[in-house]
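Dumped input_33.csv below, it's CSV, C-alpha atoms and all ligand atoms:
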```csv
chain,number,residue,atom,x,y,z
Y,1,MET,CA,13.2,-1.3,-18.5
Y,2,ALA,CA,12.3,-4.9,-17.7
Y,3,ALA,CA,9.1,-5.9,-15.9
Y,4,ILE,CA,9.1,-6.2,-12.1
Y,5,THR,CA,9.2,-9.6,-10.6
Y,6,HIS,CA,9.5,-10.8,-7.0
Y,7,THR,CA,10.8,-13.9,-5.4
Y,8,ARG,CA,8.9,-15.4,-2.5
Y,9,PHE,CA,10.2,-14.5,0.9
Y,10,PRO,CA,11.7,-17.2,3.1
Y,11,GLN,CA,9.9,-18.0,6.4
Y,12,LYS,CA,12.6,-16.2,8.5
Y,13,ARG,CA,12.1,-13.0,6.5
Y,14,ILE,CA,8.4,-13.2,7.0
Y,15,ALA,CA,8.8,-13.6,10.7
Y,16,ASP,CA,11.3,-10.8,10.9
Y,17,ASP,CA,9.1,-8.4,8.9
Y,18,GLY,CA,6.1,-9.3,11.0
Y,19,GLN,CA,8.0,-8.8,14.2
Y,20,PHE,CA,9.4,-5.5,13.0
Y,21,LEU,CA,5.8,-4.2,12.5
Y,22,ILE,CA,4.9,-5.5,16.0
Y,23,ASP,CA,8.0,-3.8,17.5
Y,24,ILE,CA,7.3,-0.4,15.9
Y,25,PHE,CA,3.7,-0.6,17.0
Y,26,ASP,CA,4.8,-1.4,20.6
Y,27,ALA,CA,7.0,1.8,20.5
Y,28,TYR,CA,4.2,3.8,18.9
Y,29,GLU,CA,1.7,2.8,21.5
Y,30,ARG,CA,4.1,3.3,24.3
Y,31,ALA,CA,5.0,6.8,23.1
Y,32,PHE,CA,1.3,7.7,23.0
Y,33,LYS,CA,0.7,6.4,26.5
Y,34,GLU,CA,3.7,8.3,27.8
Y,35,GLY,CA,2.3,11.6,26.5
Y,36,SER,CA,4.8,12.0,23.6
Y,37,PRO,CA,3.0,10.6,20.6
Y,38,VAL,CA,5.0,10.0,17.4
Y,39,SER,CA,3.9,9.7,13.8
Y,40,GLU,CA,4.6,6.7,11.7
Y,41,ARG,CA,2.9,6.7,8.3
Y,42,ARG,CA,1.7,3.1,8.1
Y,43,LEU,CA,0.5,3.0,11.7
Y,44,ASP,CA,-1.1,6.5,11.4
Y,45,ASN,CA,-3.0,5.2,8.4
Y,46,TYR,CA,-4.2,2.0,10.2
Y,47,LEU,CA,-5.6,4.1,13.0
Y,48,SER,CA,-7.3,6.5,10.5
Y,49,ILE,CA,-9.0,3.5,8.8
Y,50,LEU,CA,-10.1,2.1,12.2
Y,51,ALA,CA,-11.5,5.6,13.0
Y,52,GLY,CA,-13.5,5.6,9.8
Y,53,PHE,CA,-11.3,7.8,7.6
Y,54,ALA,CA,-9.8,7.0,4.3
Y,55,PRO,CA,-6.0,6.3,4.3
Y,56,GLU,CA,-3.8,8.9,2.6
Y,57,GLU,CA,-1.3,6.3,1.3
Y,58,CYS,CA,-2.2,4.9,-2.1
Y,59,GLY,CA,-0.8,1.4,-1.1
Y,60,MET,CA,-3.4,1.2,1.6
Y,61,CYS,CA,-6.4,2.4,-0.5
Y,62,GLY,CA,-7.0,-0.8,-2.5
Y,63,GLN,CA,-6.1,0.9,-5.8
Y,64,CYS,CA,-3.2,2.8,-7.2
Y,65,GLY,CA,-3.3,6.6,-7.1
Y,66,LEU,CA,-1.8,8.6,-9.9
Y,67,TYR,CA,1.4,10.5,-9.5
Y,68,PHE,CA,3.1,12.4,-12.3
Y,69,LEU,CA,6.7,11.3,-12.3
Y,70,ALA,CA,8.6,13.1,-15.0
Y,71,GLU,CA,11.9,11.8,-16.4
Y,72,ALA,CA,14.6,14.1,-17.8
Y,73,ASP,CA,13.3,13.7,-21.3
Y,74,GLY,CA,9.8,14.8,-20.3
Y,75,SER,CA,8.2,11.3,-20.3
Y,76,VAL,CA,5.7,10.9,-17.5
Y,77,TYR,CA,4.8,7.8,-15.5
Y,78,PRO,CA,2.1,7.1,-12.8
Y,79,CYS,CA,4.3,5.8,-10.1
Y,80,ASP,CA,8.0,5.7,-9.3
Y,81,PHE,CA,7.8,1.9,-9.1
Y,82,TYR,CA,6.4,1.8,-12.7
Y,83,VAL,CA,8.8,3.8,-14.8
Y,84,LEU,CA,8.3,1.3,-17.5
Y,85,ASP,CA,7.6,1.8,-21.2
Y,86,GLU,CA,4.2,0.1,-21.0
Y,87,TRP,CA,3.0,2.7,-18.4
Y,88,GLU,CA,4.2,5.9,-20.1
Y,89,MET,CA,1.3,8.4,-19.9
Y,90,GLY,CA,2.8,10.8,-22.3
Y,91,ASN,CA,5.4,13.5,-22.6
Y,92,ILE,CA,5.1,16.8,-20.7
Y,93,ASN,CA,6.6,18.6,-23.8
Y,94,THR,CA,3.6,17.7,-25.9
Y,95,MET,CA,0.7,16.9,-23.5
Y,96,SER,CA,-0.9,18.5,-20.5
Y,97,LEU,CA,-1.1,16.7,-17.2
Y,98,ALA,CA,-4.9,17.0,-17.3
Y,99,ARG,CA,-4.9,15.1,-20.6
Y,100,MET,CA,-2.5,12.5,-19.4
Y,101,GLU,CA,-4.7,11.9,-16.3
Y,102,LYS,CA,-7.6,10.9,-18.6
Y,103,ASN,CA,-5.8,8.9,-21.2
Y,104,SER,CA,-6.0,5.1,-21.6
Y,105,ALA,CA,-2.6,4.4,-20.0
Y,106,SER,CA,-3.5,6.1,-16.8
Y,107,LYS,CA,-6.9,4.5,-16.7
Y,108,ALA,CA,-5.4,1.1,-17.3
Y,109,PHE,CA,-2.8,1.6,-14.6
Y,110,ARG,CA,-5.5,2.2,-12.0
Y,111,GLN,CA,-7.8,-0.5,-13.3
Y,112,VAL,CA,-5.1,-3.2,-13.1
Y,113,SER,CA,-4.6,-2.4,-9.4
Y,114,LEU,CA,-8.2,-3.1,-8.5
Y,115,ARG,CA,-7.6,-6.8,-9.0
Y,116,LEU,CA,-6.8,-8.6,-5.7
Y,117,PRO,CA,-5.6,-12.2,-5.1
Y,118,GLU,CA,-8.3,-14.7,-4.1
Y,119,ALA,CA,-6.7,-14.9,-0.6
Y,120,CYS,CA,-7.6,-11.2,0.1
Y,121,GLY,CA,-11.3,-11.9,-0.6
Y,122,ARG,CA,-11.3,-14.4,2.3
Y,123,CYS,CA,-9.2,-12.4,4.6
Y,124,PRO,CA,-10.6,-11.0,7.9
Y,125,TYR,CA,-8.1,-8.1,7.6
Y,126,LEU,CA,-9.1,-6.9,4.1
Y,127,ASN,CA,-10.8,-3.7,5.2
Y,128,LEU,CA,-7.6,-2.7,7.0
Y,129,CYS,CA,-5.0,-4.0,4.5
Y,130,MET,CA,-6.8,-3.7,1.2
Y,131,GLY,CA,-4.3,-6.0,-0.4
Y,132,GLY,CA,-1.4,-3.7,0.0
Y,133,CYS,CA,0.6,-1.8,-2.7
Y,134,ARG,CA,0.1,-3.2,-6.1
Y,135,ARG,CA,3.9,-3.5,-6.6
Y,136,ASP,CA,4.0,-6.1,-3.9
Y,137,ARG,CA,1.4,-8.1,-5.8
Y,138,GLU,CA,3.7,-8.6,-8.8
Y,139,PRO,CA,4.0,-10.5,-11.0
Y,140,PHE,CA,0.5,-10.2,-12.6
Y,141,CYS,CA,-0.2,-13.2,-14.8
Y,142,GLU,CA,-2.9,-12.7,-17.4
Y,143,GLY,CA,-4.2,-9.7,-15.4
Y,144,LEU,CA,-4.3,-11.6,-12.1
Y,145,PRO,CA,-2.1,-10.6,-9.2
Y,146,SER,CA,0.1,-12.8,-7.1
Y,147,ASN,CA,-0.4,-12.8,-3.3
Y,148,ASN,CA,1.2,-9.8,-1.7
Y,149,ARG,CA,4.7,-10.8,-0.8
Y,150,PHE,CA,4.3,-9.2,2.7
Y,151,CYS,CA,0.9,-10.9,3.3
Y,152,GLN,CA,2.1,-13.3,6.0
Y,153,SER,CA,4.0,-10.6,7.8
Y,154,TYR,CA,0.9,-8.4,7.7
Y,155,ARG,CA,-1.3,-11.2,9.1
Y,156,MET,CA,1.3,-11.9,11.9
Y,157,PHE,CA,1.2,-8.2,12.8
Y,158,PHE,CA,-2.7,-7.9,12.7
Y,159,ASP,CA,-3.1,-11.1,14.7
Y,160,ALA,CA,-0.8,-9.7,17.4
Y,161,CYS,CA,-1.8,-6.0,17.4
Y,162,LEU,CA,-5.3,-5.4,16.1
Y,163,PRO,CA,-7.1,-5.3,19.4
Y,164,ARG,CA,-4.5,-2.9,20.8
Y,165,MET,CA,-4.7,-0.8,17.6
Y,166,VAL,CA,-8.5,-0.5,18.1
Y,167,SER,CA,-8.1,0.5,21.7
Y,168,LEU,CA,-5.4,3.0,20.8
Y,169,THR,CA,-7.6,4.5,18.1
Y,170,LYS,CA,-10.4,5.0,20.7
Y,171,ARG,CA,-7.9,6.8,23.0
Y,172,VAL,CA,-6.6,9.0,20.2
Y,173,LEU,CA,-10.2,10.0,19.2
Y,174,MET,CA,-11.0,10.9,22.8
Y,175,THR,CA,-8.1,13.3,22.9
Y,176,HIS,CA,-9.2,15.2,19.7
C,201,LIG,S1,2.2,0.7,-7.1
C,201,LIG,FE1,2.0,1.1,-4.9
C,201,LIG,S2,3.0,3.1,-4.6
C,201,LIG,FE2,2.6,2.9,-6.8
C,201,LIG,S3,0.6,4.0,-7.2
C,201,LIG,FE3,0.2,1.8,-6.9
C,201,LIG,S4,-0.2,1.5,-4.7
C,201,LIG,FE4,0.8,3.5,-5.0
C,202,LIG,S1,-3.3,-9.6,4.9
C,202,LIG,FE1,-2.8,-10.7,3.0
C,202,LIG,S2,-4.7,-11.7,2.4
C,202,LIG,FE2,-5.2,-10.2,4.0
C,202,LIG,S3,-5.8,-8.4,2.7
C,202,LIG,FE3,-3.7,-8.2,3.2
C,202,LIG,S4,-2.5,-9.1,1.5
C,202,LIG,FE4,-4.7,-9.8,1.4
```
Taking this structure as input, can you express it in the form of structure tokens?
Amino acid sequence: MAAITHTRFPQKRIADDGQFLIDIFDAYERAFKEGSPVSERRLDNYLSILAGFAPEECGMCGQCGLYFLAEADGSVYPCDFYVLDEWEMGNINTMSLARMEKNSASKAFRQVSLRLPEACGRCPYLNLCMGGCRRDREPFCEGLPSNNRFCQSYRMFFDACLPRMVSLTKRVLMTH
């Protein structure tokens, strides 16, 4: 399968995605205040991070996790976005998952994801965003990632909602 590439988003798409995040946070916050809280994975994770817990979603941890995605022929890959020859960890017919987890392909997969674009190093939201899912930082050139294609949408959302997210986190903690 060919390597993953992304085209840059047009300004309107960035604004639409940023506004979408703002809108779902508005609804999430409103539901909590009305006594009928709802769960939305990304927002739940942001609140967890603000409360001092680790996020459960790999794309918000700052490095790839490791799934075991098995194809029909038994070949195993570390993520459903990376069912690519270069990331095959082994074949379940001939190798245990424990061995695959320790082999060089799986180590390299996680190692690559630790690299962040320069912009993330200067970003005030790094501790919350962690650079996002590695797939959204494709293409990597000579091991270095591109800026996350959702970066500007994330910034728009954090600019608009971070103080309210902090406040909501405190309210949620008080109810537990
Ligand atoms: S590419 Fe994204 S979804 Fe896949 S393991 Fe890495 S962070 Fe998770
Ligand atoms: S908002 Fe953008 S620059 Fe900041 S950490 Fe996330 S991806 Fe990196």
Closest-contact table, chain Y side, partner ligand LIG 201 (chain C), 7 Å, counting all atoms listed in the file, as JSON lines:
```
{"residue": "Y:Cys58", "atom": "CA", "partner": "C:LIG201", "partner_atom": "FE4", "distance": 4.4}
{"residue": "Y:Gly59", "atom": "CA", "partner": "C:LIG201", "partner_atom": "S4", "distance": 3.7}
{"residue": "Y:Gln63", "atom": "CA", "partner": "C:LIG201", "partner_atom": "S4", "distance": 6.0}
{"residue": "Y:Cys64", "atom": "CA", "partner": "C:LIG201", "partner_atom": "FE3", "distance": 3.6}
{"residue": "Y:Gly65", "atom": "CA", "partner": "C:LIG201", "partner_atom": "S3", "distance": 4.7}
{"residue": "Y:Leu66", "atom": "CA", "partner": "C:LIG201", "partner_atom": "S3", "distance": 5.8}
{"residue": "Y:Tyr67", "atom": "CA", "partner": "C:LIG201", "partner_atom": "S3", "distance": 6.9}
{"residue": "Y:Pro78", "atom": "CA", "partner": "C:LIG201", "partner_atom": "S3", "distance": 6.6}
{"residue": "Y:Cys79", "atom": "CA", "partner": "C:LIG201", "partner_atom": "FE2", "distance": 4.7}
{"residue": "Y:Asp80", "atom": "CA", "partner": "C:LIG201", "partner_atom": "FE2", "distance": 6.6}
{"residue": "Y:Phe81", "atom": "CA", "partner": "C:LIG201", "partner_atom": "FE2", "distance": 5.8}
{"residue": "Y:Ser113", "atom": "CA", "partner": "C:LIG201", "partner_atom": "FE3", "distance": 6.9}
{"residue": "Y:Cys133", "atom": "CA", "partner": "C:LIG201", "partner_atom": "FE1", "distance": 3.9}
{"residue": "Y:Arg134", "atom": "CA", "partner": "C:LIG201", "partner_atom": "S1", "distance": 4.5}
{"residue": "Y:Arg135", "atom": "CA", "partner": "C:LIG201", "partner_atom": "S1", "distance": 4.6}
```
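Using only C-alpha atoms, the shortest contact distance between Gly143 (chain Y) and any of Y:Lys12, Y:Arg41, Y:Lys33, Y:Arg115 is found at Y:Arg115.
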**Request:** Work out how far CA of Met156 (chain Y) is from CA of Gln19 (chain Y), in Å to one decimal.
**Result:**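 A separation of 7.7 Å between them.
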**Message:** One decimal, in Å: what's the spacing between CA of Arg99 (chain Y) and CA of Phe140 (chain Y)?
**Reply:** 27.1 Å
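Comparing Y:Ser153, Y:Ser167, Y:Thr175, Y:Ser36 by their smallest distance to ligand LIG 202 (chain C), the closest is Y:Ser153 (using all atoms listed in the file).
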**Message:** I want to know what sits within 9 Å of Cys129 (chain Y), based on all atoms listed in the file, with residues of the same chain fewer than 2 positions away left out; could you give that as number ranges by chain?
**Reply:** Y: 46, 59-62, 120, 125-127, 131-132, 154
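Atom FE4 of ligand LIG 202 (chain C) is found 15.4 Å from CA of Leu162 (chain Y).
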